[in-house]
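Engineer: Input coords.cif, format and content: mmCIF, C-alpha atoms.
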```cif
data_model
loop_
_atom_site.label_atom_id
_atom_site.label_comp_id
_atom_site.auth_asym_id
_atom_site.auth_seq_id
_atom_site.Cartn_x
_atom_site.Cartn_y
_atom_site.Cartn_z
CA MET A 346 0.00 0.00 0.00
CA ASN A 347 1.29 3.46 -0.93
CA ASP A 348 1.53 5.60 2.25
CA GLU A 349 1.33 8.79 0.18
CA HIS A 350 -2.24 7.99 -0.84
CA PRO A 351 -4.11 6.42 2.09
CA PRO A 352 -7.58 5.13 1.36
CA GLN A 353 -10.45 7.59 2.00
CA ARG A 354 -12.83 6.77 4.82
CA GLY A 355 -16.34 8.08 5.34
CA THR A 356 -18.03 10.83 3.31
CA PRO A 357 -16.10 13.94 2.25
CA VAL A 358 -17.25 17.13 3.97
CA GLY A 359 -18.76 19.54 1.48
CA ARG A 360 -17.72 23.20 1.31
CA ARG A 361 -21.08 24.46 2.57
CA VAL A 362 -21.02 22.10 5.54
CA PHE A 363 -17.46 23.09 6.34
CA LEU A 364 -18.24 26.82 6.20
CA GLY A 365 -21.41 26.27 8.22
CA THR A 366 -19.42 24.48 10.91
CA LEU A 367 -16.97 27.36 11.04
CA GLY A 368 -19.88 29.75 11.40
CA LEU A 369 -21.33 27.80 14.33
CA GLY A 370 -17.91 27.73 15.95
CA ALA A 371 -17.58 31.49 15.62
CA LEU A 372 -21.08 31.95 17.02
CA GLY A 373 -20.10 29.78 19.97
CA VAL A 374 -17.06 31.95 20.66
CA VAL A 375 -19.22 35.09 20.57
CA ALA A 376 -22.01 33.58 22.64
CA ALA A 377 -19.85 31.84 25.23
CA PRO A 378 -19.33 34.88 27.50
CA ARG A 379 -23.06 35.62 27.37
CA LEU A 380 -23.94 32.01 28.15
CA GLN A 381 -21.43 31.97 30.99
CA ARG A 382 -22.90 35.14 32.47
CA GLY A 383 -26.35 33.61 32.18
CA LEU A 384 -25.20 30.45 33.97
CA GLU A 385 -23.54 32.48 36.72
CA SER A 386 -26.68 34.58 37.12
CA PHE A 387 -28.87 31.47 37.35
CA LEU A 388 -26.61 29.75 39.88
CA GLY A 389 -26.29 32.93 41.90
CA GLY A 390 -30.05 33.40 42.02
CA ALA A 391 -30.56 29.78 42.98
CA ALA A 392 -27.97 30.06 45.73
CA ASP A 393 -29.85 33.01 47.22
CA LYS A 394 -32.74 30.63 47.89
CA ASP A 395 -30.64 27.63 48.92
CA PRO A 396 -29.48 27.76 52.55
CA THR A 397 -28.18 24.19 52.20
CA GLY A 398 -25.38 25.30 49.87
CA LEU A 399 -26.14 22.43 47.47
CA THR A 400 -26.06 24.78 44.49
CA GLY A 401 -22.33 24.94 45.16
CA LEU A 402 -22.10 21.42 43.76
CA LEU A 403 -23.31 22.52 40.31
CA PRO A 404 -20.66 23.06 37.63
CA ASN A 405 -19.76 26.63 36.75
CA GLY A 406 -17.27 27.45 34.02
CA GLY A 407 -16.17 30.57 35.88
CA GLY A 408 -14.71 28.36 38.58
CA PHE A 409 -16.58 29.91 41.48
CA ARG A 410 -19.28 28.25 43.56
CA TYR A 411 -22.16 30.14 45.13
CA TYR A 412 -22.87 29.80 48.83
CA SER A 413 -25.37 31.56 51.03
CA VAL A 414 -26.36 30.70 54.58
CA ALA A 415 -29.51 32.82 54.40
CA SER A 416 -32.74 31.80 52.69
CA SER A 417 -32.71 35.07 50.74
CA VAL A 418 -30.51 38.15 50.49
CA PRO A 419 -31.82 41.66 49.80
CA ARG A 420 -30.28 43.56 46.95
CA LYS A 421 -28.46 46.85 47.52
CA ASN A 422 -27.54 49.51 45.00
CA ALA A 423 -25.79 52.88 44.98
CA ASP A 424 -28.80 54.52 46.63
CA SER A 425 -29.47 51.95 49.35
CA TYR A 426 -26.02 50.60 50.23
CA ARG A 427 -24.34 51.69 53.46
CA LEU A 428 -21.19 50.48 55.25
CA THR A 429 -20.83 51.39 58.92
CA ILE A 430 -17.62 51.41 60.96
CA ASP A 431 -18.15 51.51 64.71
CA GLY A 432 -17.13 49.94 68.01
CA LEU A 433 -13.80 50.92 69.59
CA VAL A 434 -13.19 53.93 67.36
CA ASP A 435 -13.19 57.66 68.00
CA ARG A 436 -14.81 58.50 64.67
CA PRO A 437 -17.67 56.13 63.77
CA THR A 438 -18.35 56.50 60.06
CA THR A 439 -20.97 55.51 57.52
CA TYR A 440 -19.97 55.19 53.87
CA THR A 441 -22.15 55.18 50.79
CA LEU A 442 -21.06 53.29 47.70
CA ALA A 443 -20.07 56.61 46.11
CA ASP A 444 -17.95 57.47 49.17
CA LEU A 445 -16.02 54.20 48.86
CA LYS A 446 -15.50 54.63 45.11
CA ALA A 447 -14.08 58.11 45.71
CA LEU A 448 -11.27 56.75 47.91
CA PRO A 449 -7.91 55.53 46.51
CA GLN A 450 -8.33 52.06 45.05
CA THR A 451 -5.91 49.12 45.25
CA ARG A 452 -5.91 46.33 42.66
CA MET A 453 -4.58 42.84 43.41
CA VAL A 454 -4.50 39.66 41.36
CA ARG A 455 -4.39 36.48 43.46
CA ASP A 456 -5.63 32.91 43.35
CA VAL A 457 -8.85 32.33 45.28
CA GLN A 458 -8.84 29.15 47.37
CA CYS A 459 -11.97 27.72 48.97
CA VAL A 460 -11.65 25.49 52.02
CA THR A 461 -13.84 22.93 50.23
CA GLY A 462 -11.12 22.45 47.61
CA TRP A 463 -11.86 24.49 44.50
CA ARG A 464 -9.45 27.20 43.37
CA VAL A 465 -9.78 30.05 40.85
CA PRO A 466 -6.38 31.30 39.65
CA ASP A 467 -5.37 34.88 38.89
CA THR A 468 -8.54 36.62 40.08
CA PRO A 469 -8.41 40.44 40.10
CA PHE A 470 -9.95 42.29 43.05
CA GLU A 471 -10.06 46.05 43.48
CA GLY A 472 -11.14 48.20 46.39
CA VAL A 473 -10.15 50.23 49.42
CA ARG A 474 -7.58 48.87 51.84
CA LEU A 475 -9.30 48.07 55.11
CA SER A 476 -6.38 49.66 56.96
CA ARG A 477 -7.24 53.02 55.38
CA LEU A 478 -10.80 52.89 56.71
CA LEU A 479 -9.56 51.89 60.16
CA ASP A 480 -7.08 54.75 60.22
CA THR A 481 -9.81 57.21 59.28
CA ALA A 482 -12.01 55.87 62.08
CA LYS A 483 -9.22 56.34 64.67
CA VAL A 484 -9.03 52.92 66.30
CA ARG A 485 -8.63 53.07 70.08
CA PRO A 486 -5.60 51.56 71.87
CA THR A 487 -7.75 48.90 73.56
CA ALA A 488 -8.81 47.44 70.20
CA LYS A 489 -7.66 43.92 69.32
CA ALA A 490 -9.94 42.62 66.56
CA ILE A 491 -12.57 43.31 63.91
CA ARG A 492 -16.03 41.79 63.56
CA PHE A 493 -17.70 41.91 60.14
CA THR A 494 -21.45 41.72 59.59
CA CYS A 495 -23.38 41.34 56.36
CA PHE A 496 -26.72 42.52 55.03
CA ASP A 497 -27.92 38.97 54.51
CA GLY A 498 -28.66 39.25 58.24
CA THR A 499 -26.83 36.01 59.10
CA TYR A 500 -23.18 35.83 58.08
CA THR A 501 -20.36 37.15 60.26
CA GLU A 502 -16.57 37.03 60.13
CA SER A 503 -13.57 38.18 62.16
CA LEU A 504 -9.92 39.16 61.92
CA THR A 505 -7.37 40.25 64.46
CA LEU A 506 -6.46 43.92 64.18
CA ASP A 507 -3.00 43.02 62.86
CA GLN A 508 -4.54 40.80 60.17
CA ALA A 509 -7.03 43.52 59.22
CA ARG A 510 -4.23 46.04 58.73
CA ARG A 511 -2.42 43.90 56.14
CA ALA A 512 -1.98 45.50 52.74
CA ASP A 513 -3.67 42.52 51.05
CA VAL A 514 -7.01 42.91 52.86
CA LEU A 515 -9.56 44.95 50.90
CA VAL A 516 -13.06 46.27 51.17
CA ALA A 517 -13.63 45.21 47.57
CA LEU A 518 -15.84 46.96 45.03
CA ARG A 519 -14.67 45.19 41.88
CA MET A 520 -13.89 41.60 41.00
CA GLN A 521 -12.69 40.15 37.69
CA ASP A 522 -12.41 43.73 36.40
CA LYS A 523 -16.09 44.56 36.84
CA ASP A 524 -18.29 45.80 39.65
CA ILE A 525 -19.06 43.01 42.09
CA GLY A 526 -22.49 41.59 41.29
CA HIS A 527 -25.04 40.49 43.83
CA SER A 528 -24.25 36.78 43.46
CA HIS A 529 -20.60 37.41 44.30
CA GLY A 530 -21.48 39.45 47.40
CA GLY A 531 -21.86 42.91 45.90
CA PRO A 532 -21.95 45.72 45.77
CA VAL A 533 -19.24 45.47 48.47
CA ARG A 534 -17.53 42.45 49.98
CA LEU A 535 -14.47 41.74 52.09
CA TYR A 536 -11.41 40.26 50.39
CA VAL A 537 -8.73 38.64 52.55
CA ALA A 538 -6.19 37.50 49.96
CA PRO A 539 -4.00 35.09 52.00
CA MET A 540 -6.85 33.25 53.76
CA TYR A 541 -9.47 30.72 52.70
CA PHE A 542 -12.36 32.36 50.92
CA TYR A 543 -14.87 32.00 53.77
CA LYS A 544 -13.01 34.88 55.44
CA SER A 545 -13.90 37.15 52.48
CA ALA A 546 -17.41 37.91 53.69
CA LYS A 547 -20.01 38.68 51.04
CA TRP A 548 -22.60 41.51 51.23
CA LEU A 549 -20.48 43.46 53.71
CA SER A 550 -22.41 46.03 55.74
CA GLY A 551 -20.67 46.45 59.11
CA ILE A 552 -17.13 46.70 60.45
CA THR A 553 -17.05 46.73 64.26
CA VAL A 554 -13.78 47.17 66.14
CA THR A 555 -13.71 44.97 69.26
CA ASP A 556 -11.46 44.06 72.18
CA GLU A 557 -11.31 40.36 71.27
CA VAL A 558 -11.78 38.01 68.34
CA ARG A 559 -15.34 36.73 68.06
CA PRO A 560 -15.57 33.63 65.85
CA GLY A 561 -17.57 34.05 62.67
CA TYR A 562 -20.44 32.00 61.27
CA TRP A 563 -18.43 29.04 59.95
CA GLU A 564 -15.88 29.24 62.74
CA GLU A 565 -18.66 28.59 65.25
CA ARG A 566 -19.28 25.45 63.20
CA GLY A 567 -15.75 24.10 63.24
CA TYR A 568 -13.67 26.07 60.74
CA ASP A 569 -10.37 27.60 61.91
CA VAL A 570 -10.42 31.22 63.04
CA ASP A 571 -6.96 31.84 61.58
CA ALA A 572 -7.62 30.63 58.05
CA TRP A 573 -4.26 30.94 56.29
CA VAL A 574 -4.30 29.04 53.02
CA GLY A 575 -2.25 25.86 53.34
CA ARG A 576 -1.71 26.28 57.08
CA SER A 577 -5.16 25.75 58.55
CA ASN A 578 -8.28 23.57 58.43
CA GLY A 579 -6.13 20.47 57.92
CA ARG A 580 -5.30 21.46 54.31
CA ASP A 581 -1.97 21.83 52.53
CA ASP A 582 -2.95 24.01 49.54
CA GLU A 583 -0.38 26.28 47.93
CA PRO A 584 -0.52 29.83 49.36
CA THR A 585 -2.52 32.38 47.40
CA SER A 586 -0.16 35.30 48.04
#
```
Just dump the structure as structure tokens.
Structural biologist:
Amino acid sequence: MNDEHPPQRGTPVGRRVFLGTLGLGALGVVAAPRLQRGLESFLGGAADKDPTGLTGLLPNGGGFRYYSVASSVPRKNADSYRLTIDGLVDRPTTYTLADLKALPQTRMVRDVQCVTGWRVPDTPFEGVRLSRLLDTAKVRPTAKAIRFTCFDGTYTESLTLDQARRADVLVALRMQDKDIGHSHGGPVRLYVAPMYFYKSAKWLSGITVTDEVRPGYWEERGYDVDAWVGRSNGRDDEPTS
């Protein structure tokens, strides 16, 4: 048998079929981002009504999983959103979304690591360093920790004051180079780059300076309070920063 002329197998693909296939492929490339956004929106909406967290088991091409511990979460916008800073401070402050956007913004690109195992590499976050807000509020010398509350009415988190002052801890307004949507905890969420993602509280509404660490929602249910990636919760993941 002559290797230069192998026998033909099957039916030749006609020019119209070939061009049609190329057209469908191009349409898929154009439509893929829209389909992905639609999938993320659907999963995010379902998660709002799923306190079990089972929607987190559904596949999502964006890599993220949607978790909510509340049966529903109200939506906030530029008119209704408020972030309060209180507790052991000399200057309690309330910020609107516009106030936060007017402050100097810091952009970081880090991997996101969930304690349940999934990881999303090279994820951009942008927002105001938490340390800046604490400095403006004039934290008192007796302060030792921060307690975070959320407008879902249920979720809480905590950091020591030293952890909160790290340069890689943000009050985040943008994620993946766009404003943070409701499903991802917008319009404002916490972002603690070097810790497991449960520390990065969604739907952030309150920052209270306290004299001791008060375990957050998942920490009261067994997760580590100090949630360094790869050094807590019995996991050995690569650090995210």
Engineer: What is the CA of Asp513 in chain A to CA of Ala488 in chain A distance in Å?
Structural biologist: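 Here the two named atoms are 20.4 Å from each other.
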Engineer: For this file, the PyMOL selection byres ((chain A and resi 549-563) around 6) selects which residues, as a list in words?
Structural biologist: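 Output from the PyMOL selection byres ((chain A and resi 549-563) around 6), applied to this file: Leu428, Thr429, Ile430, Asp431, Gly432, Leu433, Ala488, Lys489, Ala490, Ile491, Arg492, Phe493, Thr494, Cys495, Phe496, Tyr500, Thr501, Glu502, Ser503, Val533, Arg534, Lys547, Trp548, Glu564, Glu565, Arg566 and Tyr568 of chain A.
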Engineer: Ranking A:Leu475, A:Val484, A:Ala512, A:Leu442 by minimum distance to Ile525 in chain A and counting only C-alpha atoms, which one comes first?
Structural biologist: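 Once distances to Ile525 in chain A are computed over only C-alpha atoms, the minimum belongs to A:Leu442.
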Engineer: Nearest to Arg485 in chain A among A:Pro437, A:Phe470, A:Pro584, A:Gly567, with distances taken over all atoms listed in the file: which residue is it?
Structural biologist: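 Closest to Arg485 in chain A, using all atoms listed in the file: A:Pro437.
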Engineer: Find, counting only C-alpha atoms, the residue in A:Leu448, A:Val454, A:Thr499, A:Tyr541 that gets nearest to Ala415 in chain A.
Structural biologist: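 Closest to Ala415 in chain A of all the choices is A:Thr499.
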Engineer: Show me the residues around (-6.4, 49.3, 42.1) - criterion: an atom at most 8 Å away, all atoms listed in the file counted - as a list in words.
Structural biologist: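 Residues found, by chain and rising number: Pro449, Gln450, Thr451, Arg452, Met453, Phe470, Glu471 and Gly472 of chain A.
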Engineer: Could you save those same residues with C-alpha atoms as a PDB file, in the coordinates of the input?
Structural biologist:
```pdb
ATOM      1  CA  PRO A 449      -7.910  55.530  46.510  1.00  0.00           C
ATOM      2  CA  GLN A 450      -8.330  52.060  45.050  1.00  0.00           C
ATOM      3  CA  THR A 451      -5.910  49.120  45.250  1.00  0.00           C
ATOM      4  CA  ARG A 452      -5.910  46.330  42.660  1.00  0.00           C
ATOM      5  CA  MET A 453      -4.580  42.840  43.410  1.00  0.00           C
ATOM      6  CA  PHE A 470      -9.950  42.290  43.050  1.00  0.00           C
ATOM      7  CA  GLU A 471     -10.060  46.050  43.480  1.00  0.00           C
ATOM      8  CA  GLY A 472     -11.140  48.200  46.390  1.00  0.00           C
TER       9      GLY A 472
END
```
Engineer: Enter the distance from CA of Val514 in chain A to CA of Leu445 in chain A, in Å, rounded to one decimal.
Structural biologist: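 Between CA of Val514 in chain A and CA of Leu445 in chain A the gap is 15.0 Å.
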Engineer: Could you pull the residues within 12 Å of Gly531 in chain A, counting all atoms listed in the file, minus those fewer than 5 positions along the same chain, as a ChimeraX atom specification?
Structural biologist: /A:389,418-423,426-427,442,472,495-497,516-520,523-526,536,545-550
